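Raw model-v2.txt, compact mmCIF, C-alpha atoms and all ligand atoms:
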# COMPACT_ATOMS: atom_id res chain seq x y z
CA MET A 27 92.06 47.77 148.72
CA ASP A 28 88.67 46.04 148.71
CA TYR A 29 89.97 42.65 147.58
CA GLN A 30 86.59 40.94 147.28
CA ALA A 31 85.19 43.76 145.15
CA TYR A 32 88.21 43.52 142.88
CA PHE A 33 87.74 39.76 142.40
CA LYS A 34 84.06 40.32 141.64
CA THR A 35 84.72 43.03 139.06
CA ARG A 36 87.24 40.93 137.21
CA LEU A 37 84.94 37.90 137.21
CA ASN A 38 82.04 40.02 135.99
CA THR A 39 84.10 41.15 133.02
CA LEU A 40 84.69 37.50 132.13
CA ARG A 41 80.95 36.83 132.37
CA GLU A 42 80.05 39.81 130.18
CA ASP A 43 82.49 38.63 127.52
CA GLY A 44 81.07 35.11 127.59
CA ASN A 45 84.46 33.80 128.77
CA TYR A 46 83.52 32.79 132.32
CA ARG A 47 84.22 29.10 132.83
CA ILE A 48 81.51 26.88 134.26
CA PHE A 49 82.50 23.32 135.05
CA ALA A 50 80.10 20.47 134.37
CA ASP A 51 79.64 18.38 137.52
CA LEU A 52 79.89 14.85 136.14
CA GLU A 53 79.74 11.35 137.53
CA ARG A 54 81.10 8.92 134.99
CA LYS A 55 79.60 5.46 134.96
CA ARG A 56 82.18 2.72 134.73
CA GLY A 57 81.34 0.36 131.88
CA ALA A 58 78.89 2.87 130.41
CA PHE A 59 81.30 5.66 129.42
CA PRO A 60 80.73 7.98 127.44
CA ASN A 61 77.50 8.08 129.46
CA ALA A 62 77.55 9.91 132.76
CA HIS A 63 75.31 11.63 135.29
CA HIS A 64 75.34 15.38 135.28
CA ARG A 65 74.28 17.54 138.20
CA GLY A 66 72.99 20.91 137.09
CA GLU A 67 70.37 23.51 137.95
CA ASN A 68 67.62 21.06 137.08
CA GLY A 69 68.95 18.26 139.26
CA LYS A 70 70.64 15.08 138.14
CA GLY A 71 70.40 13.98 134.50
CA ASP A 72 71.99 11.57 132.04
CA VAL A 73 74.46 12.91 129.50
CA THR A 74 76.67 11.56 126.75
CA ILE A 75 80.14 13.07 126.94
CA TRP A 76 81.43 14.24 123.54
CA CYS A 77 84.43 16.30 124.64
CA SER A 78 86.51 13.93 126.75
CA ASN A 79 90.25 13.49 126.36
CA ASP A 80 89.79 9.90 127.55
CA TYR A 81 90.00 9.37 123.81
CA LEU A 82 89.80 5.58 123.79
CA GLY A 83 87.75 4.93 126.92
CA MET A 84 90.83 3.45 128.65
CA GLY A 85 89.67 5.07 131.91
CA GLN A 86 87.24 2.16 132.27
CA HIS A 87 89.30 -0.61 130.66
CA PRO A 88 89.22 -3.81 132.77
CA ASP A 89 93.03 -4.29 132.55
CA VAL A 90 93.62 -0.77 133.84
CA LEU A 91 91.11 -1.09 136.65
CA SER A 92 92.35 -4.48 137.79
CA ALA A 93 95.98 -3.29 137.81
CA MET A 94 94.91 -0.33 139.95
CA HIS A 95 92.86 -2.49 142.31
CA HIS A 96 95.70 -4.95 142.66
CA ALA A 97 98.28 -2.25 143.42
CA LEU A 98 95.99 -0.48 145.87
CA ASP A 99 95.31 -3.71 147.72
CA THR A 100 98.95 -4.80 147.82
CA VAL A 101 100.93 -1.59 148.40
CA GLY A 102 98.36 0.93 149.68
CA ALA A 103 97.26 4.41 148.65
CA GLY A 104 100.01 7.01 148.41
CA ALA A 105 103.69 6.82 147.44
CA GLY A 106 104.63 8.29 150.81
CA GLY A 107 107.20 10.77 149.65
CA THR A 108 109.01 12.54 146.88
CA ARG A 109 110.88 10.32 144.44
CA ASN A 110 114.07 11.22 146.34
CA ILE A 111 112.81 10.52 149.85
CA SER A 112 111.10 7.11 149.96
CA GLY A 113 108.57 7.80 147.17
CA THR A 114 110.16 5.74 144.39
CA THR A 115 108.19 2.50 144.37
CA HIS A 116 108.75 -0.42 142.06
CA GLU A 117 105.65 0.61 140.09
CA HIS A 118 107.36 3.91 139.18
CA VAL A 119 110.48 2.09 138.03
CA LEU A 120 108.47 -0.34 135.90
CA LEU A 121 106.38 2.43 134.32
CA GLU A 122 109.46 4.47 133.39
CA ALA A 123 110.95 1.41 131.69
CA GLU A 124 107.67 0.81 129.83
CA LEU A 125 107.62 4.42 128.58
CA ALA A 126 111.26 4.41 127.52
CA ASP A 127 110.50 1.28 125.49
CA LEU A 128 107.35 2.85 124.01
CA HIS A 129 109.39 5.67 122.50
CA GLY A 130 112.54 3.69 121.73
CA LYS A 131 114.55 5.84 124.14
CA GLU A 132 117.15 4.90 126.75
CA ALA A 133 115.15 6.36 129.62
CA ALA A 134 111.95 8.05 130.73
CA LEU A 135 111.10 10.27 133.68
CA LEU A 136 107.67 10.48 135.32
CA PHE A 137 105.94 13.65 136.54
CA THR A 138 102.64 14.20 138.31
CA SER A 139 101.03 15.51 135.12
CA GLY A 140 101.79 16.40 131.52
CA TYR A 141 101.60 20.06 132.52
CA VAL A 142 104.29 19.55 135.14
CA SER A 143 106.47 17.51 132.78
CA ASN A 144 106.50 20.33 130.20
CA TRP A 145 106.92 23.05 132.77
CA ALA A 146 109.71 21.25 134.61
CA ALA A 147 111.61 19.71 131.69
CA LEU A 148 111.56 22.79 129.45
CA GLY A 149 112.20 25.09 132.39
CA THR A 150 115.19 23.02 133.46
CA LEU A 151 116.76 22.44 130.04
CA ALA A 152 116.39 26.08 129.00
CA SER A 153 117.66 27.53 132.28
CA GLN A 154 120.46 25.06 133.03
CA ILE A 155 122.11 25.06 129.60
CA PRO A 156 124.04 28.35 129.51
CA GLY A 157 122.97 30.67 126.69
CA CYS A 158 120.24 28.31 125.45
CA ILE A 159 117.75 29.89 123.02
CA VAL A 160 114.28 28.32 122.86
CA PHE A 161 112.42 28.29 119.53
CA SER A 162 108.78 27.86 120.44
CA ASP A 163 105.87 27.23 118.05
CA ALA A 164 103.31 30.06 118.32
CA LEU A 165 100.51 27.65 119.27
CA ASN A 166 102.35 25.69 121.94
CA HIS A 167 100.38 24.63 125.01
CA ALA A 168 100.30 26.84 128.12
CA SER A 169 102.46 24.34 130.04
CA MET A 170 105.29 24.69 127.50
CA ILE A 171 104.97 28.48 127.43
CA GLU A 172 105.08 28.65 131.23
CA GLY A 173 108.12 26.36 131.40
CA ILE A 174 110.00 28.43 128.85
CA ARG A 175 108.98 31.69 130.53
CA HIS A 176 110.04 30.35 133.92
CA SER A 177 113.49 29.45 132.55
CA LYS A 178 114.10 33.14 131.67
CA ALA A 179 116.00 31.88 128.61
CA PRO A 180 115.74 33.96 125.42
CA ARG A 181 112.67 32.79 123.52
CA VAL A 182 111.95 33.08 119.82
CA ILE A 183 108.38 32.37 118.74
CA TRP A 184 108.02 30.99 115.22
CA LYS A 185 104.83 30.98 113.17
CA HIS A 186 102.74 27.91 113.78
CA ASN A 187 104.02 24.90 111.76
CA ASP A 188 105.87 27.32 109.42
CA LEU A 189 109.22 25.83 108.38
CA GLU A 190 110.35 28.93 106.49
CA ASP A 191 109.79 31.12 109.50
CA LEU A 192 111.51 28.63 111.80
CA GLU A 193 114.52 28.43 109.50
CA ALA A 194 114.76 32.22 109.18
CA LYS A 195 114.75 32.51 112.96
CA LEU A 196 117.30 29.74 113.47
CA ALA A 197 119.56 31.29 110.84
CA ALA A 198 119.34 34.72 112.49
CA ALA A 199 120.47 33.39 115.87
CA ASP A 200 124.07 33.12 117.10
CA PRO A 201 125.36 29.95 115.39
CA THR A 202 127.35 28.97 118.49
CA ALA A 203 124.41 29.30 120.94
CA PRO A 204 122.74 26.09 122.23
CA LYS A 205 119.22 25.82 120.78
CA LEU A 206 116.03 23.98 121.65
CA ILE A 207 113.05 23.72 119.28
CA ALA A 208 109.81 23.11 121.22
CA PHE A 209 106.65 22.00 119.41
CA GLU A 210 103.71 19.59 119.46
CA SER A 211 102.71 16.79 117.09
CA VAL A 212 98.89 16.99 117.18
CA TYR A 213 97.68 20.48 118.15
CA SER A 214 94.64 19.93 120.30
CA MET A 215 92.41 22.83 119.28
CA ASP A 216 92.73 22.71 115.47
CA GLY A 217 93.78 19.04 115.27
CA ASP A 218 96.55 19.78 112.76
CA ILE A 219 99.89 17.93 112.80
CA ALA A 220 103.43 19.33 112.73
CA PRO A 221 105.94 18.49 109.95
CA ILE A 222 108.17 16.62 112.41
CA ASN A 223 110.67 15.27 109.88
CA GLU A 224 111.35 18.69 108.35
CA ILE A 225 111.65 20.31 111.78
CA CYS A 226 114.25 17.65 112.70
CA ASP A 227 116.11 18.43 109.45
CA LEU A 228 116.31 22.08 110.49
CA ALA A 229 117.40 21.07 113.99
CA ASP A 230 120.25 19.03 112.49
CA LYS A 231 121.23 21.86 110.15
CA TYR A 232 121.40 24.44 112.96
CA GLY A 233 122.62 22.17 115.75
CA ALA A 234 119.42 22.40 117.82
CA MET A 235 117.78 19.91 120.20
CA THR A 236 114.13 19.01 119.59
CA TYR A 237 111.37 18.77 122.21
CA LEU A 238 108.11 17.21 120.98
CA ASP A 239 104.87 17.27 122.98
CA GLU A 240 102.92 14.17 121.89
CA VAL A 241 100.22 14.58 124.53
CA HIS A 242 97.35 14.34 122.01
CA ALA A 243 98.98 11.52 120.08
CA VAL A 244 100.37 8.94 122.52
CA GLY A 245 98.20 5.84 122.64
CA LEU A 246 96.40 6.99 119.49
CA TYR A 247 98.92 6.91 116.64
CA GLY A 248 101.69 4.54 115.63
CA PRO A 249 101.57 0.72 115.62
CA ARG A 250 102.26 0.61 119.38
CA GLY A 251 100.65 3.91 120.34
CA GLY A 252 104.01 5.72 120.45
CA GLY A 253 102.50 8.78 118.74
CA ILE A 254 102.98 10.55 115.41
CA ALA A 255 106.78 10.22 115.65
CA GLU A 256 106.38 6.45 115.92
CA ARG A 257 103.92 6.33 113.02
CA GLU A 258 106.39 8.26 110.85
CA GLY A 259 109.47 6.37 112.02
CA LEU A 260 111.01 9.50 113.54
CA MET A 261 111.31 8.73 117.24
CA ASP A 262 115.12 8.44 117.10
CA ARG A 263 115.40 11.92 115.55
CA LEU A 264 113.83 13.68 118.54
CA THR A 265 115.86 14.70 121.56
CA VAL A 266 112.87 14.64 123.93
CA ILE A 267 109.38 13.16 123.51
CA GLU A 268 106.89 14.32 126.12
CA GLY A 269 103.54 12.66 126.82
CA THR A 270 100.65 12.32 129.24
CA LEU A 271 99.08 9.34 130.95
CA GLY A 272 95.87 11.31 131.50
CA LYS A 273 94.38 11.48 128.02
CA ALA A 274 94.36 8.42 125.73
CA TYR A 275 95.83 6.30 128.54
CA GLY A 276 92.89 7.26 130.75
CA VAL A 277 94.71 7.68 134.09
CA VAL A 278 96.91 10.65 135.14
CA GLY A 279 100.58 11.64 135.04
CA GLY A 280 103.13 12.98 132.58
CA TYR A 281 106.58 12.03 131.36
CA ILE A 282 109.52 12.70 129.12
CA ALA A 283 111.44 10.02 127.19
CA ALA A 284 115.00 10.79 126.06
CA SER A 285 118.64 9.75 126.46
CA ALA A 286 119.77 8.39 129.81
CA GLU A 287 121.91 11.51 130.37
CA LEU A 288 119.13 13.97 129.57
CA CYS A 289 116.62 12.22 131.85
CA ASP A 290 119.24 12.04 134.60
CA PHE A 291 119.95 15.75 134.11
CA VAL A 292 116.27 16.72 134.46
CA ARG A 293 115.88 14.30 137.39
CA SER A 294 118.78 16.01 139.11
CA PHE A 295 117.97 19.68 138.43
CA ALA A 296 114.17 20.02 137.98
CA SER A 297 112.47 21.48 141.04
CA GLY A 298 109.07 20.35 139.70
CA PHE A 299 110.32 16.77 139.67
CA ILE A 300 112.29 16.76 142.90
CA PHE A 301 110.14 18.60 145.43
CA THR A 302 106.75 16.93 145.00
CA THR A 303 105.21 13.67 146.16
CA ALA A 304 105.44 10.87 143.62
CA LEU A 305 102.29 9.61 141.87
CA PRO A 306 100.38 6.97 143.85
CA PRO A 307 101.73 3.52 142.88
CA ALA A 308 98.22 2.38 141.90
CA VAL A 309 98.11 5.22 139.37
CA ALA A 310 101.46 4.13 137.96
CA ALA A 311 100.24 0.53 137.79
CA GLY A 312 97.04 1.53 135.96
CA ALA A 313 98.96 3.70 133.51
CA ARG A 314 101.41 0.88 132.80
CA ALA A 315 98.56 -1.55 132.11
CA SER A 316 97.04 1.00 129.74
CA VAL A 317 100.33 1.60 127.88
CA GLN A 318 100.92 -2.15 127.62
CA HIS A 319 97.41 -2.79 126.32
CA LEU A 320 97.65 -0.10 123.65
CA LYS A 321 101.08 -1.37 122.55
CA ARG A 322 99.41 -4.63 121.51
CA SER A 323 95.84 -3.75 120.59
CA GLN A 324 94.80 -1.95 117.40
CA THR A 325 91.07 -2.40 118.14
CA GLU A 326 90.55 0.88 119.98
CA ARG A 327 92.61 2.94 117.51
CA SER A 328 90.87 1.60 114.39
CA ARG A 329 87.40 1.88 115.90
CA GLN A 330 88.13 5.47 116.92
CA LYS A 331 89.23 6.35 113.36
CA GLU A 332 86.00 4.94 111.98
CA ARG A 333 83.88 6.82 114.56
CA VAL A 334 85.65 10.10 113.77
CA ALA A 335 85.06 9.60 110.02
CA THR A 336 81.38 8.84 110.63
CA VAL A 337 80.83 12.02 112.65
CA ARG A 338 82.73 14.11 110.06
CA ALA A 339 80.66 12.68 107.19
CA GLY A 340 77.45 13.49 109.08
CA LEU A 341 78.54 17.10 109.69
CA ASP A 342 79.51 17.49 106.02
CA GLU A 343 76.11 16.27 104.93
CA MET A 344 74.44 18.99 107.02
CA GLY A 345 76.94 21.68 106.02
CA ILE A 346 78.04 22.27 109.60
CA PRO A 347 81.46 23.93 109.43
CA HIS A 348 84.33 22.05 111.03
CA ILE A 349 88.07 22.29 110.53
CA GLU A 350 89.38 19.59 108.19
CA ASN A 351 92.44 18.01 109.75
CA PRO A 352 94.31 14.70 109.74
CA SER A 353 93.60 13.89 113.42
CA HIS A 354 90.85 12.60 115.70
CA ILE A 355 89.78 16.08 116.82
CA ILE A 356 86.70 17.69 115.24
CA PRO A 357 86.49 21.45 115.89
CA VAL A 358 82.97 22.65 114.97
CA MET A 359 83.34 26.37 114.38
CA VAL A 360 80.85 28.79 115.94
CA GLY A 361 82.91 32.00 115.91
CA ASP A 362 81.12 33.78 118.75
CA PRO A 363 81.64 33.22 122.49
CA VAL A 364 78.05 33.88 123.57
CA LYS A 365 76.54 31.66 120.85
CA CYS A 366 79.11 28.98 121.58
CA LYS A 367 78.18 28.88 125.25
CA PHE A 368 74.46 29.02 124.39
CA LEU A 369 74.75 26.04 122.02
CA SER A 370 76.60 24.06 124.64
CA ASP A 371 73.98 24.90 127.29
CA VAL A 372 71.07 23.87 125.05
CA LEU A 373 72.81 20.64 124.02
CA MET A 374 73.17 19.75 127.68
CA ARG A 375 69.73 20.90 128.81
CA ASP A 376 67.54 19.68 125.96
CA HIS A 377 69.54 16.85 124.41
CA GLY A 378 71.66 15.30 127.17
CA ILE A 379 74.78 16.02 125.12
CA TYR A 380 77.85 17.44 126.82
CA ILE A 381 80.29 19.44 124.68
CA GLN A 382 82.21 22.11 126.55
CA PRO A 383 82.34 25.46 124.68
CA ILE A 384 85.92 26.44 123.83
CA ASN A 385 86.35 30.19 124.08
CA TYR A 386 89.14 32.75 124.46
CA PRO A 387 91.87 32.53 125.78
CA THR A 388 92.05 28.81 124.94
CA VAL A 389 91.46 29.76 121.29
CA PRO A 390 91.73 33.18 119.56
CA LYS A 391 88.65 35.45 119.70
CA GLY A 392 86.36 34.86 116.72
CA THR A 393 87.28 31.17 116.49
CA GLU A 394 85.09 29.94 119.36
CA ARG A 395 84.15 26.35 118.80
CA LEU A 396 82.65 23.10 119.99
CA ARG A 397 85.48 20.56 120.09
CA ILE A 398 84.14 17.07 119.49
CA THR A 399 86.19 13.97 120.29
CA PRO A 400 84.50 10.78 119.09
CA SER A 401 85.75 7.62 120.79
CA PRO A 402 85.45 3.89 120.17
CA VAL A 403 82.76 3.72 122.86
CA HIS A 404 80.33 6.12 121.11
CA THR A 405 77.59 4.04 119.46
CA ASP A 406 75.80 4.62 116.14
CA ALA A 407 72.80 5.79 118.16
CA ASP A 408 75.00 8.27 120.09
CA ILE A 409 76.27 9.69 116.80
CA GLN A 410 72.80 9.96 115.25
CA HIS A 411 71.52 11.71 118.37
CA LEU A 412 74.41 14.19 118.25
CA LEU A 413 73.93 14.94 114.56
CA ASN A 414 70.15 15.42 114.95
CA ALA A 415 70.66 17.81 117.84
CA LEU A 416 73.26 19.87 115.96
CA GLU A 417 71.02 19.99 112.86
CA GLU A 418 68.13 21.30 114.95
CA LEU A 419 70.28 23.90 116.72
CA TRP A 420 71.96 25.15 113.57
CA ALA A 421 68.49 25.71 112.06
CA GLN A 422 67.22 27.44 115.24
CA CYS A 423 70.18 29.67 115.95
CA GLU A 424 70.97 30.84 112.42
CA ILE A 425 74.61 29.93 112.64
CA ALA A 426 76.53 30.00 109.38
CA ARG A 427 76.68 26.81 107.36
CA VAL A 428 79.22 25.93 104.77
CA PRO A 429 77.99 27.15 101.36
CA MET A 430 77.18 24.12 99.21
CA ALA A 431 79.83 25.11 96.63
CA ALA A 432 82.57 25.20 99.24
CA GLN A 433 81.92 21.71 100.59
C1 LIG B 1 96.64 18.59 128.26
C2 LIG B 1 97.95 19.02 127.69
C3 LIG B 1 99.12 18.97 128.45
C4 LIG B 1 99.08 18.69 129.91
O1 LIG B 1 98.90 17.34 130.17
P1 LIG B 1 98.17 16.92 131.53
O2 LIG B 1 98.61 15.52 131.74
O3 LIG B 1 96.71 17.09 131.31
O4 LIG B 1 98.66 17.84 132.60
C5 LIG B 1 100.33 19.22 127.84
N1 LIG B 1 100.40 19.54 126.53
C6 LIG B 1 99.29 19.62 125.77
C7 LIG B 1 99.43 19.96 124.33
C8 LIG B 1 98.04 19.38 126.33
O5 LIG B 1 96.94 19.51 125.59
What do you get writing this file as structure tokens?
Amino acid sequence: MDYQAYFKTRLNTLREDGNYRIFADLERKRGAFPNAHHRGENGKGDVTIWCSNDYLGMGQHPDVLSAMHHALDTVGAGAGGTRNISGTTHEHVLLEAELADLHGKEAALLFTSGYVSNWAALGTLASQIPGCIVFSDALNHASMIEGIRHSKAPRVIWKHNDLEDLEAKLAAADPTAPKLIAFESVYSMDGDIAPINEICDLADKYGAMTYLDEVHAVGLYGPRGGGIAEREGLMDRLTVIEGTLGKAYGVVGGYIAASAELCDFVRSFASGFIFTTALPPAVAAGARASVQHLKRSQTERSRQKERVATVRAGLDEMGIPHIENPSHIIPVMVGDPVKCKFLSDVLMRDHGIYIQPINYPTVPKGTERLRITPSPVHTDADIQHLLNALEELWAQCEIARVPMAAQ
């Protein structure tokens, strides 16, 4: 086989379909985020980032940076091993305690990313509990899907956020089989939110465990940033809450929070936890400072809410279609992969605005979009500049607007 030719052919198909991924080469400027340098075909330029998951700008927060500097200078760079063999440092222990407290759980377990935490925790629970059936929301993140697939446990996919469908599927399953319902709180592409309370009711009725991915909610919702389950007073109803330290907390890493036994079980059986080097202690220290700050401070959360509302109001005024949802995510719908990529390119080239196009397979074909994430560090001028650029492009490119009557 001509391997190189095969790679080329497959990549060319992606390009023809408008689904080839091009990464923006960015250099964030500490203290000036969301502004960054971008290196592209035309050299180095200034851009404003409008699609970051550093939702609150915590990646440049002085408390986070000083905790990281301090840890780096006192304990050095890497953890030096897996958690089992010399890699558990005091910073890991402290961060796990902080996260358990955040979610009102007995324990928490750290992973190197949110992806790994989902993959390892779901994979372990579903494979190590004999006969376990996983009930997975149709729009679950790739990391959950991969974990469930890897477990080889029977998997039942229920219609997205559809309680009737979930109940029908739970009722049809063997009543004596162990069950695990896996879902997210805030879904990151549409920005909609799951009916957590009702899903927990069904879990109780059918004797199932619940696994909630709060990756797009931790730090952002709830009086202490514990997520949607905290905001709604539901944390104690969930068997497992999973989160990331890489999005609103601005650093990197993932975790689960649950009972002491469950965390100990995953710690003891999950290959993806056991056989990999622990996070650098400085990363754990920075993440802990970020979690601690957002437990106390409402400033970032309330400013973000106001910024999101301002951008939405501006889009409405211009009739630019975006999905209405109760979260901080604004999906501006384009509905065509080539146009979506073109818009993103022109925004970058002519306006210094960076919004990554979101195309298939991240979202279904025909729902290609620009996903905008306003943060507390976007200024009024940033917002006006964004709205002006979108207005101009929508006029130029003849993309559908919302009919006035439908607004
Ligand atoms: C980003 C994401 C993850 C993975 O988290 P990382 O820390 O980035 O690896 C998990 N679940 C959802 C829903 C996500 O969007």
Quiz prompt | Selection near Ala58 in chain A, 12 Å with only C-alpha atoms, sequence-local residues under 5 positions removed, as a PyMOL selection string | solution = chain A and resi 53+63+72-75+83+85-87+403-405
Quiz item: So which one's closest to Asn351 in chain A, A:Ile48, A:Ala194, A:Leu271, A:Ala335? Using all atoms listed in the file, please.
Solution: A:Ala335
Within 10 Å of range 120-125 of chain A using all atoms listed in the file, minus same-chain residues under 5 positions, as an mmCIF file with C-alpha atoms, in the frame of the given file:
data_model
loop_
_atom_site.group_PDB
_atom_site.id
_atom_site.type_symbol
_atom_site.label_atom_id
_atom_site.label_comp_id
_atom_site.auth_asym_id
_atom_site.auth_seq_id
_atom_site.Cartn_x
_atom_site.Cartn_y
_atom_site.Cartn_z
ATOM 1 C CA THR A 115 108.190 2.500 144.370
ATOM 2 C CA GLY A 130 112.540 3.690 121.730
ATOM 3 C CA LYS A 131 114.550 5.840 124.140
ATOM 4 C CA GLU A 132 117.150 4.900 126.750
ATOM 5 C CA ALA A 133 115.150 6.360 129.620
ATOM 6 C CA ALA A 134 111.950 8.050 130.730
ATOM 7 C CA LEU A 135 111.100 10.270 133.680
ATOM 8 C CA LEU A 136 107.670 10.480 135.320
ATOM 9 C CA GLY A 252 104.010 5.720 120.450
ATOM 10 C CA GLY A 269 103.540 12.660 126.820
ATOM 11 C CA TYR A 281 106.580 12.030 131.360
ATOM 12 C CA ILE A 282 109.520 12.700 129.120
ATOM 13 C CA ALA A 283 111.440 10.020 127.190
ATOM 14 C CA PRO A 307 101.730 3.520 142.880
ATOM 15 C CA ALA A 310 101.460 4.130 137.960
ATOM 16 C CA ALA A 311 100.240 0.530 137.790
ATOM 17 C CA GLY A 312 97.040 1.530 135.960
ATOM 18 C CA ALA A 313 98.960 3.700 133.510
ATOM 19 C CA ARG A 314 101.410 0.880 132.800
ATOM 20 C CA ALA A 315 98.560 -1.550 132.110
ATOM 21 C CA VAL A 317 100.330 1.600 127.880
ATOM 22 C CA GLN A 318 100.920 -2.150 127.620
#
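When all atoms listed in the file are used to measure the gap to ligand LIG 1 (chain B), the shortest distance among A:Gly259, A:Gly217, A:Gly345, A:Pro352 belongs to A:Gly217.
The gap separating CA of Asp218 in chain A from CA of Gly248 in chain A is 16.3 Å, in Å to one decimal.
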Taking all atoms of ligand LIG 1 (chain B) that the file lists, what box with edges along x, y and z, padded by 8 Å per side, do you get, with centre and edge lengths in Å to one decimal, as JSON?
{"center_x": 98.5, "center_y": 17.7, "center_z": 128.5, "size_x": 19.8, "size_y": 20.4, "size_z": 24.3}
Quiz prompt | Pick from A:Phe59, A:Ile346, A:Pro88, A:Leu40, whichever lies nearest to Trp76 in chain A using all atoms listed in the file | solution =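 Among A:Phe59, A:Ile346, A:Pro88, A:Leu40, it is A:Phe59 that comes nearest to Trp76 in chain A.
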Quiz item: What residues have any atom no more than 7 Å from ligand LIG 1 (chain B) when counting all atoms listed in the file, and can you list them as a PyMOL selection string?
Solution: chain A and resi 139-142+144+166-167+169+210+213-214+239+241-242+270-273+278-280
Counting only C-alpha atoms, what are the residues of range 123-233 of chain A within 10 Å of range 365-389 of chain A, and for each of them which pair of atoms is the nearest and at what distance in Å, to one decimal? Sort the table by chain and rising number, as a Markdown table.
| residue | atom | partner | partner_atom | distance |
| --- | --- | --- | --- | --- |
| A:Leu165 | CA | A:Val389 | CA | 9.5 |
| A:His167 | CA | A:Thr388 | CA | 9.3 |
| A:Ala168 | CA | A:Thr388 | CA | 9.1 |
| A:Met215 | CA | A:Val389 | CA | 7.3 |
| A:Asp216 | CA | A:Val389 | CA | 9.2 |
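For the set A:His96, A:Thr202, A:Leu228, A:Gly69, the residue with the smallest atom-to-atom gap to Leu189 in chain A is A:Leu228, counting all atoms listed in the file.
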Quiz item: Looking at A:Arg250, A:Lys205, A:His116, A:His95, which one is nearest to Ala229 in chain A, with distances taken over all atoms listed in the file?
Solution: A:Lys205
Quiz item: Which protein, DNA or RNA residues have an atom at most 9 Å from (92.2, 11.4, 122.9), counting all atoms listed in the file? List them as a list in words.
Solution: Ser78, Asn79, Asp80, Tyr81, Leu82, Gly83, Val241, His242, Ala243, Val244, Gly245, Leu246, Lys273, Ala274, Tyr275, Gly276, His354, Ile355, Thr399, Pro400 and Ser401 of chain A
Quiz prompt | Residue nearest Pro357 in chain A among A:Leu37, A:Ala339, A:Leu98, A:Ile398 (counting all atoms listed in the file) | solution =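 Answer, going by the shortest atom-to-atom distance: A:Ile398.
Taking CA of Gly157 in chain A as the reference point, CA of Ala296 in chain A is found at 17.8 Å.
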Quiz prompt | Shell of 8 Å around range 186-188 of chain A, only C-alpha atoms, local chain residues under 6 positions omitted, as a PyMOL selection string | solution = chain A and resi 163-165+220-221
Self-check item: Within 8 Å of file point (120.7, 15.3, 124.4), counting all atoms listed in the file, expressed as a list in words
Solution: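 Output of the proximity query reads Met235, Thr265, Val266, Ala284, Ser285, Glu287 and Leu288 of chain A.
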Would you export the selected residues with C-alpha atoms as a PDB file, in the frame of the given file, please?
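Now in selection04.pdb:
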ATOM      1  CA  MET A 235     117.780  19.910 120.200  1.00  0.00           C
ATOM      2  CA  THR A 265     115.860  14.700 121.560  1.00  0.00           C
ATOM      3  CA  VAL A 266     112.870  14.640 123.930  1.00  0.00           C
ATOM      4  CA  ALA A 284     115.000  10.790 126.060  1.00  0.00           C
ATOM      5  CA  SER A 285     118.640   9.750 126.460  1.00  0.00           C
ATOM      6  CA  GLU A 287     121.910  11.510 130.370  1.00  0.00           C
ATOM      7  CA  LEU A 288     119.130  13.970 129.570  1.00  0.00           C
TER       8      LEU A 288
END
Quiz prompt | Separation of CA of Pro306 in chain A from CA of Thr138 in chain A in Å | solution = 9.4 Å
Some atoms are missing, so please complete range 129-138 of chain A with N, CA and C atoms and return it as a CSV table (one decimal), in the coordinates of the input.
chain,number,residue,atom,x,y,z
A,129,HIS,N,108.9,4.6,123.4
A,129,HIS,CA,109.4,5.7,122.5
A,129,HIS,C,110.8,5.3,122.0
A,130,GLY,N,111.2,4.1,122.2
A,130,GLY,CA,112.5,3.7,121.7
A,130,GLY,C,113.7,4.5,122.3
A,131,LYS,N,113.5,5.0,123.5
A,131,LYS,CA,114.6,5.8,124.1
A,131,LYS,C,115.3,5.1,125.3
A,132,GLU,N,116.4,5.6,125.7
A,132,GLU,CA,117.2,4.9,126.8
A,132,GLU,C,116.4,5.0,128.1
A,133,ALA,N,115.7,6.1,128.3
A,133,ALA,CA,115.2,6.4,129.6
A,133,ALA,C,113.9,7.2,129.5
A,134,ALA,N,113.1,7.2,130.6
A,134,ALA,CA,112.0,8.0,130.7
A,134,ALA,C,111.9,8.5,132.2
A,135,LEU,N,111.2,9.7,132.4
A,135,LEU,CA,111.1,10.3,133.7
A,135,LEU,C,109.6,10.7,133.9
A,136,LEU,N,109.1,10.2,135.0
A,136,LEU,CA,107.7,10.5,135.3
A,136,LEU,C,107.5,11.8,136.1
A,137,PHE,N,106.3,12.4,135.8
A,137,PHE,CA,105.9,13.6,136.5
A,137,PHE,C,104.5,13.5,137.0
A,138,THR,N,104.0,14.4,137.8
A,138,THR,CA,102.6,14.2,138.3
A,138,THR,C,101.6,14.6,137.3
